[in-house]
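model_18.txt, holding compact mmCIF, C-alpha atoms:
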```txt
# COMPACT_ATOMS: atom_id res chain seq x y z
CA GLU A 1 0.00 0.00 0.00
CA PRO A 2 1.40 3.45 -0.91
CA GLU A 3 2.57 5.54 2.00
CA VAL A 4 3.47 9.11 2.80
CA THR A 5 7.05 9.31 4.01
CA GLN A 6 8.73 12.05 6.01
CA THR A 7 12.34 12.88 6.83
CA PRO A 8 13.97 13.27 9.21
CA SER A 9 12.09 11.35 11.87
CA HIS A 10 13.63 13.55 14.56
CA GLN A 11 15.31 16.94 14.22
CA VAL A 12 17.05 18.74 17.05
CA THR A 13 17.98 22.36 16.44
CA GLN A 14 19.04 25.48 18.27
CA MET A 15 16.64 28.39 18.63
CA GLY A 16 16.98 30.78 15.71
CA GLN A 17 18.18 28.13 13.26
CA GLU A 18 16.39 27.24 10.03
CA VAL A 19 14.94 23.77 9.56
CA ILE A 20 13.47 22.05 6.53
CA LEU A 21 11.10 19.16 6.99
CA ARG A 22 10.55 16.91 4.00
CA CYS A 23 7.59 14.85 2.84
CA VAL A 24 7.20 12.50 -0.09
CA PRO A 25 3.51 12.30 -0.95
CA ILE A 26 1.69 9.33 -2.42
CA SER A 27 2.48 9.56 -6.11
CA ASN A 28 -0.88 10.48 -7.67
CA HIS A 29 -2.03 12.75 -4.86
CA LEU A 30 -2.73 16.39 -5.62
CA TYR A 31 -3.53 17.98 -2.27
CA PHE A 32 -0.88 18.47 0.39
CA TYR A 33 -1.13 19.56 3.99
CA TRP A 34 1.03 20.20 7.02
CA TYR A 35 -0.29 19.72 10.54
CA ARG A 36 1.49 19.95 13.86
CA GLN A 37 0.88 18.46 17.28
CA ILE A 38 2.49 19.95 20.36
CA LEU A 39 3.07 17.26 22.99
CA GLY A 40 -0.15 16.57 24.88
CA GLN A 41 -2.25 18.78 22.61
CA LYS A 42 -4.49 18.25 19.63
CA VAL A 43 -3.44 18.04 15.99
CA GLU A 44 -3.60 21.52 14.40
CA PHE A 45 -3.86 22.52 10.76
CA LEU A 46 -0.98 24.64 9.44
CA VAL A 47 -1.32 24.93 5.67
CA SER A 48 -2.87 23.40 2.58
CA PHE A 49 -1.19 23.38 -0.83
CA TYR A 50 -2.66 22.64 -4.23
CA ASN A 51 -1.58 23.33 -7.78
CA ASN A 52 1.78 24.69 -6.59
CA GLU A 53 0.36 27.33 -4.33
CA ILE A 54 -0.92 27.75 -0.80
CA SER A 55 -4.69 27.42 -0.72
CA GLU A 56 -5.14 28.16 2.98
CA LYS A 57 -2.98 28.80 6.02
CA SER A 58 -3.75 29.04 9.70
CA GLU A 59 -2.82 31.77 12.15
CA ILE A 60 0.09 29.61 13.28
CA PHE A 61 1.59 29.73 9.77
CA ASP A 62 3.25 33.13 10.04
CA ASP A 63 6.08 34.67 7.99
CA GLN A 64 8.59 32.27 9.57
CA PHE A 65 6.96 29.35 7.76
CA SER A 66 7.02 28.51 4.08
CA VAL A 67 6.16 25.52 1.93
CA GLU A 68 7.17 24.44 -1.51
CA ARG A 69 7.28 21.52 -3.87
CA PRO A 70 10.67 22.14 -5.41
CA ASP A 71 11.02 19.13 -7.70
CA GLY A 72 7.45 18.02 -8.24
CA SER A 73 7.77 15.19 -5.75
CA ASN A 74 9.02 16.34 -2.35
CA PHE A 75 6.83 18.70 -0.35
CA THR A 76 8.78 20.73 2.19
CA LEU A 77 8.02 22.85 5.23
CA LYS A 78 10.66 25.42 6.15
CA ILE A 79 10.83 27.26 9.43
CA ARG A 80 13.21 30.18 9.00
CA SER A 81 14.10 31.04 12.57
CA THR A 82 12.90 28.43 15.00
CA LYS A 83 11.46 29.29 18.40
CA LEU A 84 11.15 27.11 21.48
CA GLU A 85 7.39 26.93 20.93
CA ASP A 86 7.92 25.38 17.49
CA SER A 87 8.85 22.12 19.23
CA ALA A 88 6.20 19.64 18.11
CA MET A 89 5.43 16.71 15.84
CA TYR A 90 4.93 17.87 12.28
CA PHE A 91 2.73 15.67 10.11
CA CYS A 92 2.47 15.83 6.36
CA ALA A 93 -0.81 14.63 4.85
CA THR A 94 -1.82 14.13 1.25
CA GLY A 95 -5.06 13.49 -0.58
CA LEU A 96 -6.10 12.59 -4.08
CA ALA A 97 -9.02 14.92 -4.67
CA GLY A 98 -12.49 15.85 -3.61
CA VAL A 99 -14.39 16.87 -0.55
CA THR A 100 -14.78 13.40 0.84
CA ASP A 101 -11.32 12.19 0.04
CA THR A 102 -9.26 10.67 2.78
CA GLN A 103 -6.06 12.40 3.88
CA TYR A 104 -3.19 10.03 4.49
CA PHE A 105 -0.70 11.03 7.13
CA GLY A 106 3.04 10.49 7.16
CA PRO A 107 4.77 9.21 10.30
CA GLY A 108 5.77 12.71 11.34
CA THR A 109 8.94 14.60 12.17
CA ARG A 110 9.60 15.33 15.80
CA LEU A 111 11.15 18.80 16.00
CA THR A 112 12.94 19.74 19.20
CA VAL A 113 14.10 23.35 19.53
CA LEU A 114 16.64 23.96 22.29
CA ARG B 1 -18.12 26.71 21.30
CA LYS B 2 -15.02 24.71 20.34
CA GLU B 3 -14.78 23.67 16.69
CA VAL B 4 -14.67 19.97 17.59
CA GLU B 5 -15.22 18.86 21.13
CA GLN B 6 -14.62 15.46 22.71
CA ASP B 7 -14.50 14.02 26.21
CA PRO B 8 -10.74 13.47 26.78
CA GLY B 9 -11.31 10.42 28.98
CA PRO B 10 -9.51 8.25 29.87
CA PHE B 11 -11.97 5.44 29.38
CA ASN B 12 -10.73 2.36 31.22
CA VAL B 13 -12.72 -0.71 30.15
CA PRO B 14 -12.25 -4.48 30.47
CA GLU B 15 -11.67 -6.65 27.43
CA GLY B 16 -14.94 -7.52 25.76
CA ALA B 17 -16.73 -4.37 26.88
CA THR B 18 -18.68 -2.05 24.64
CA VAL B 19 -17.59 1.57 24.75
CA ALA B 20 -19.02 4.68 23.11
CA PHE B 21 -17.34 7.98 22.31
CA ASN B 22 -19.15 11.19 21.50
CA CYS B 23 -18.16 14.34 19.69
CA THR B 24 -19.81 17.63 18.79
CA TYR B 25 -18.81 20.12 16.10
CA SER B 26 -19.63 23.77 15.64
CA ASN B 27 -19.63 24.30 11.87
CA SER B 28 -23.05 23.31 10.55
CA ALA B 29 -21.73 23.56 6.98
CA SER B 30 -19.22 20.73 7.48
CA GLN B 31 -19.79 17.89 5.05
CA SER B 32 -17.39 15.14 5.98
CA PHE B 33 -16.59 13.50 9.26
CA PHE B 34 -14.09 10.90 10.35
CA TRP B 35 -12.79 8.94 13.27
CA TYR B 36 -9.02 8.59 13.35
CA ARG B 37 -7.00 6.49 15.74
CA GLN B 38 -3.69 7.69 17.17
CA ASP B 39 -1.24 5.51 19.03
CA CYS B 40 1.24 7.17 21.35
CA ARG B 41 3.67 9.39 19.43
CA LYS B 42 2.45 8.07 16.08
CA GLU B 43 0.55 9.63 13.20
CA PRO B 44 -3.25 9.69 13.09
CA LYS B 45 -4.64 6.78 11.07
CA LEU B 46 -8.09 6.75 9.53
CA LEU B 47 -10.40 4.39 11.36
CA MET B 48 -13.57 5.15 9.44
CA SER B 49 -15.52 7.84 7.69
CA VAL B 50 -18.89 8.78 9.16
CA TYR B 51 -21.94 8.95 6.93
CA SER B 52 -25.38 10.38 7.60
CA SER B 53 -26.98 6.96 7.49
CA GLY B 54 -24.48 5.55 9.94
CA ASN B 55 -21.94 2.95 9.03
CA GLU B 56 -20.38 -0.15 10.49
CA ASP B 57 -17.01 -1.77 10.02
CA GLY B 58 -16.70 -4.98 11.99
CA ARG B 59 -16.80 -4.11 15.69
CA PHE B 60 -16.93 -0.37 14.98
CA THR B 61 -20.10 1.65 14.34
CA ALA B 62 -20.16 5.36 13.57
CA GLN B 63 -23.23 7.60 13.64
CA LEU B 64 -23.81 11.18 12.56
CA ASN B 65 -26.64 13.44 13.69
CA ARG B 66 -26.48 16.59 11.57
CA ALA B 67 -29.34 18.32 13.36
CA SER B 68 -27.52 18.03 16.69
CA GLN B 69 -24.04 18.35 15.13
CA TYR B 70 -23.08 15.19 16.96
CA ILE B 71 -20.91 12.24 15.97
CA SER B 72 -20.46 8.98 17.81
CA LEU B 73 -18.27 5.89 17.68
CA LEU B 74 -19.23 2.58 19.24
CA ILE B 75 -16.68 -0.17 19.79
CA ARG B 76 -18.04 -3.60 20.60
CA ASP B 77 -16.09 -6.50 22.13
CA SER B 78 -13.08 -4.33 23.00
CA LYS B 79 -9.64 -5.82 22.44
CA LEU B 80 -6.38 -4.91 24.14
CA SER B 81 -5.20 -3.68 20.75
CA ASP B 82 -8.00 -1.09 20.70
CA SER B 83 -6.12 0.90 23.35
CA ALA B 84 -5.31 4.23 21.71
CA THR B 85 -6.55 7.81 21.42
CA TYR B 86 -9.63 8.20 19.21
CA LEU B 87 -9.79 11.46 17.31
CA CYS B 88 -13.01 13.01 16.06
CA VAL B 89 -12.19 14.88 12.86
CA VAL B 90 -14.25 17.23 10.72
CA LEU B 91 -13.48 18.35 7.18
CA TRP B 92 -13.64 22.11 7.12
CA GLY B 93 -13.96 24.75 4.44
CA ALA B 94 -13.13 24.99 0.77
CA THR B 95 -9.59 23.67 1.12
CA ASN B 96 -10.62 20.51 2.94
CA LYS B 97 -8.51 21.07 6.01
CA LEU B 98 -9.10 18.66 8.85
CA ILE B 99 -10.11 20.00 12.24
CA PHE B 100 -9.30 17.61 15.06
CA GLY B 101 -10.81 17.16 18.47
CA THR B 102 -8.49 16.71 21.43
CA GLY B 103 -9.06 12.96 21.32
CA THR B 104 -10.48 10.43 23.75
CA LEU B 105 -8.04 8.04 25.39
CA LEU B 106 -9.18 4.42 25.59
CA ALA B 107 -7.37 1.89 27.77
CA VAL B 108 -8.62 -1.68 27.47
CA GLN B 109 -7.64 -3.75 30.50
CA PRO B 110 -7.03 -7.52 30.48
```
Could you render the structure from this file as structure tokens?
Amino acid sequence: EPEVTQTPSHQVTQMGQEVILRCVPISNHLYFYWYRQILGQKVEFLVSFYNNEISEKSEIFDDQFSVERPDGSNFTLKIRSTKLEDSAMYFCATGLAGVTDTQYFGPGTRLTVL
Amino acid sequence: RKEVEQDPGPFNVPEGATVAFNCTYSNSASQSFFWYRQDCRKEPKLLMSVYSSGNEDGRFTAQLNRASQYISLLIRDSKLSDSATYLCVVLWGATNKLIFGTGTLLAVQP
């Protein structure tokens, strides 16, 4: 069964450093999402991406965050200058199409900002 | 009112028990509803979609009441392997983002 993959599985960084989290979507999927989950809290929507542009972003997704699909396969989330409060699990999700389509989640990247 | 609201639990039940989880949502325009399962420090995994007519998948039954904006999940004959956090999830808006509840923790005891 096709899977969403994410790298790295765990990233430790110093406050103020840039990090790039990578996702490889399921090959024929068209809709891409990033979610995050702070330890002990609920999963929160960050951004949706379709047709090579952001379709919606949450209040969390400020100017420090960006997404792109640089080579038509990988889907990346960049945090320019990390803060302590960015420490969380970051999940990539992808979907084929349509309102009722299932979103498939990758295994996540655990980001720890020191 | 919270966008998606669930009882956080924990629900501690013996093997073989029947357990029910409830969820309410605030956006009456929402069209799609799901139950996801999340094991500790893992990604959410789709358990089942929830349809207006109700649907069943083995030991799991999901119900939707649009008038009350209420979703439920019933698990019959609980197994140890059912221990996890159950997430009520609503599809929201034109971009199909998922809005998650805080989850209900289920612990099935031997």
Subject >> Counting only C-alpha atoms, the residue of B:Val13, B:Cys23, B:Leu47, B:Ala62 that sits nearest B:Thr104 >> reply: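 Using only C-alpha atoms, B:Thr104 sits closest to B:Cys23.
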Original post:
Which residues, written as a count of residues only, have at least one atom at most 9 Å from B:Ser26, with all atoms listed in the file counted and residues fewer than 3 positions away on the same chain left out?
Top reply: 8
**OP:** Identify every residue of chain B that has at least one atom within 12 Å of any atom of chain A, counting all atoms listed in the file, and report the result as JSON, numbers by chain.
**Re:** {"B": [3, 4, 5, 6, 8, 30, 31, 32, 33, 34, 35, 36, 37, 38, 39, 40, 41, 42, 43, 44, 45, 46, 47, 48, 49, 50, 51, 85, 86, 87, 88, 89, 90, 91, 92, 93, 94, 95, 96, 97, 98, 99, 100, 101, 102, 103, 104, 105]}
Serialized selection, C-alpha atoms, as a PDB file, in the frame of the given file:
```
ATOM      1  CA  GLU B   3     -14.780  23.670  16.690  1.00  0.00           C
ATOM      2  CA  VAL B   4     -14.670  19.970  17.590  1.00  0.00           C
ATOM      3  CA  GLU B   5     -15.220  18.860  21.130  1.00  0.00           C
ATOM      4  CA  GLN B   6     -14.620  15.460  22.710  1.00  0.00           C
ATOM      5  CA  PRO B   8     -10.740  13.470  26.780  1.00  0.00           C
ATOM      6  CA  SER B  30     -19.220  20.730   7.480  1.00  0.00           C
ATOM      7  CA  GLN B  31     -19.790  17.890   5.050  1.00  0.00           C
ATOM      8  CA  SER B  32     -17.390  15.140   5.980  1.00  0.00           C
ATOM      9  CA  PHE B  33     -16.590  13.500   9.260  1.00  0.00           C
ATOM     10  CA  PHE B  34     -14.090  10.900  10.350  1.00  0.00           C
ATOM     11  CA  TRP B  35     -12.790   8.940  13.270  1.00  0.00           C
ATOM     12  CA  TYR B  36      -9.020   8.590  13.350  1.00  0.00           C
ATOM     13  CA  ARG B  37      -7.000   6.490  15.740  1.00  0.00           C
ATOM     14  CA  GLN B  38      -3.690   7.690  17.170  1.00  0.00           C
ATOM     15  CA  ASP B  39      -1.240   5.510  19.030  1.00  0.00           C
ATOM     16  CA  CYS B  40       1.240   7.170  21.350  1.00  0.00           C
ATOM     17  CA  ARG B  41       3.670   9.390  19.430  1.00  0.00           C
ATOM     18  CA  LYS B  42       2.450   8.070  16.080  1.00  0.00           C
ATOM     19  CA  GLU B  43       0.550   9.630  13.200  1.00  0.00           C
ATOM     20  CA  PRO B  44      -3.250   9.690  13.090  1.00  0.00           C
ATOM     21  CA  LYS B  45      -4.640   6.780  11.070  1.00  0.00           C
ATOM     22  CA  LEU B  46      -8.090   6.750   9.530  1.00  0.00           C
ATOM     23  CA  LEU B  47     -10.400   4.390  11.360  1.00  0.00           C
ATOM     24  CA  MET B  48     -13.570   5.150   9.440  1.00  0.00           C
ATOM     25  CA  SER B  49     -15.520   7.840   7.690  1.00  0.00           C
ATOM     26  CA  VAL B  50     -18.890   8.780   9.160  1.00  0.00           C
ATOM     27  CA  TYR B  51     -21.940   8.950   6.930  1.00  0.00           C
ATOM     28  CA  THR B  85      -6.550   7.810  21.420  1.00  0.00           C
ATOM     29  CA  TYR B  86      -9.630   8.200  19.210  1.00  0.00           C
ATOM     30  CA  LEU B  87      -9.790  11.460  17.310  1.00  0.00           C
ATOM     31  CA  CYS B  88     -13.010  13.010  16.060  1.00  0.00           C
ATOM     32  CA  VAL B  89     -12.190  14.880  12.860  1.00  0.00           C
ATOM     33  CA  VAL B  90     -14.250  17.230  10.720  1.00  0.00           C
ATOM     34  CA  LEU B  91     -13.480  18.350   7.180  1.00  0.00           C
ATOM     35  CA  TRP B  92     -13.640  22.110   7.120  1.00  0.00           C
ATOM     36  CA  GLY B  93     -13.960  24.750   4.440  1.00  0.00           C
ATOM     37  CA  ALA B  94     -13.130  24.990   0.770  1.00  0.00           C
ATOM     38  CA  THR B  95      -9.590  23.670   1.120  1.00  0.00           C
ATOM     39  CA  ASN B  96     -10.620  20.510   2.940  1.00  0.00           C
ATOM     40  CA  LYS B  97      -8.510  21.070   6.010  1.00  0.00           C
ATOM     41  CA  LEU B  98      -9.100  18.660   8.850  1.00  0.00           C
ATOM     42  CA  ILE B  99     -10.110  20.000  12.240  1.00  0.00           C
ATOM     43  CA  PHE B 100      -9.300  17.610  15.060  1.00  0.00           C
ATOM     44  CA  GLY B 101     -10.810  17.160  18.470  1.00  0.00           C
ATOM     45  CA  THR B 102      -8.490  16.710  21.430  1.00  0.00           C
ATOM     46  CA  GLY B 103      -9.060  12.960  21.320  1.00  0.00           C
ATOM     47  CA  THR B 104     -10.480  10.430  23.750  1.00  0.00           C
ATOM     48  CA  LEU B 105      -8.040   8.040  25.390  1.00  0.00           C
TER      49      LEU B 105
END
```
Subject >> Pick from B:Phe11, B:Phe60, B:Tyr70, B:Tyr25, whichever lies nearest to B:Ser83 using only C-alpha atoms >> reply: B:Phe11
**OP:** Take atom CA of A:Thr13 and atom CA of A:Val113 and report the distance between them in Å, one decimal.
**Re:**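 That distance, rounded to one decimal, is 5.1 Å.
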**OP:** Check the smallest atom-to-atom distance from each of B:Arg59, B:Asp7, B:Ala107, B:Ala17 to B:Ala84 using only C-alpha atoms, then report the winner.
**Re:**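 Among the listed residues, B:Ala107 lies closest to B:Ala84.
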**OP:** Check the smallest atom-to-atom distance from each of A:Gln14, A:Thr5, A:Ser81, A:Asn52 to A:Thr112 using only C-alpha atoms, then report the winner.
**Re:** A:Gln14
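Among the candidates B:Glu15, B:Asp77, B:Asn65, B:Gly9, the residue lying nearest to B:Pro110 is B:Glu15 (atoms considered: only C-alpha atoms).
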Original post:
In Å, with one decimal, what is the gap from atom CA of B:Asp82 to atom CA of B:Ser68?
Top reply: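 Taking atom CA of B:Asp82 as the start and atom CA of B:Ser68 as the end point, the length is 27.6 Å.
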Original post:
Expressed in Å to a single decimal, how great is the separation between atom CA of A:Leu96 and atom CA of A:Ile60?
Top reply: 25.1 Å
Edge lengths and centre in Å, axis-aligned, stretch 86-100 of chain A plus 4 Å each side, as lines of an AutoDock Vina configuration file:
```
center_x = -3.0
center_y = 19.0
center_z = 7.3
size_x = 31.6
size_y = 20.8
size_z = 31.9
```
Subject >> stretch 62-64 of chain A environment, 12 Å, all atoms listed in the file, sequence neighbours closer than 6 positions dropped, as a ChimeraX atom specification >> reply: /A:16-20,46-47,77-83,86
Convert the current residue selection to file output with C-alpha atoms, as an mmCIF file, in the frame of the given file.
```cif
data_model
loop_
_atom_site.group_PDB
_atom_site.id
_atom_site.type_symbol
_atom_site.label_atom_id
_atom_site.label_comp_id
_atom_site.auth_asym_id
_atom_site.auth_seq_id
_atom_site.Cartn_x
_atom_site.Cartn_y
_atom_site.Cartn_z
ATOM 1 C CA GLY A 16 16.980 30.780 15.710
ATOM 2 C CA GLN A 17 18.180 28.130 13.260
ATOM 3 C CA GLU A 18 16.390 27.240 10.030
ATOM 4 C CA VAL A 19 14.940 23.770 9.560
ATOM 5 C CA ILE A 20 13.470 22.050 6.530
ATOM 6 C CA LEU A 46 -0.980 24.640 9.440
ATOM 7 C CA VAL A 47 -1.320 24.930 5.670
ATOM 8 C CA LEU A 77 8.020 22.850 5.230
ATOM 9 C CA LYS A 78 10.660 25.420 6.150
ATOM 10 C CA ILE A 79 10.830 27.260 9.430
ATOM 11 C CA ARG A 80 13.210 30.180 9.000
ATOM 12 C CA SER A 81 14.100 31.040 12.570
ATOM 13 C CA THR A 82 12.900 28.430 15.000
ATOM 14 C CA LYS A 83 11.460 29.290 18.400
ATOM 15 C CA ASP A 86 7.920 25.380 17.490
#
```
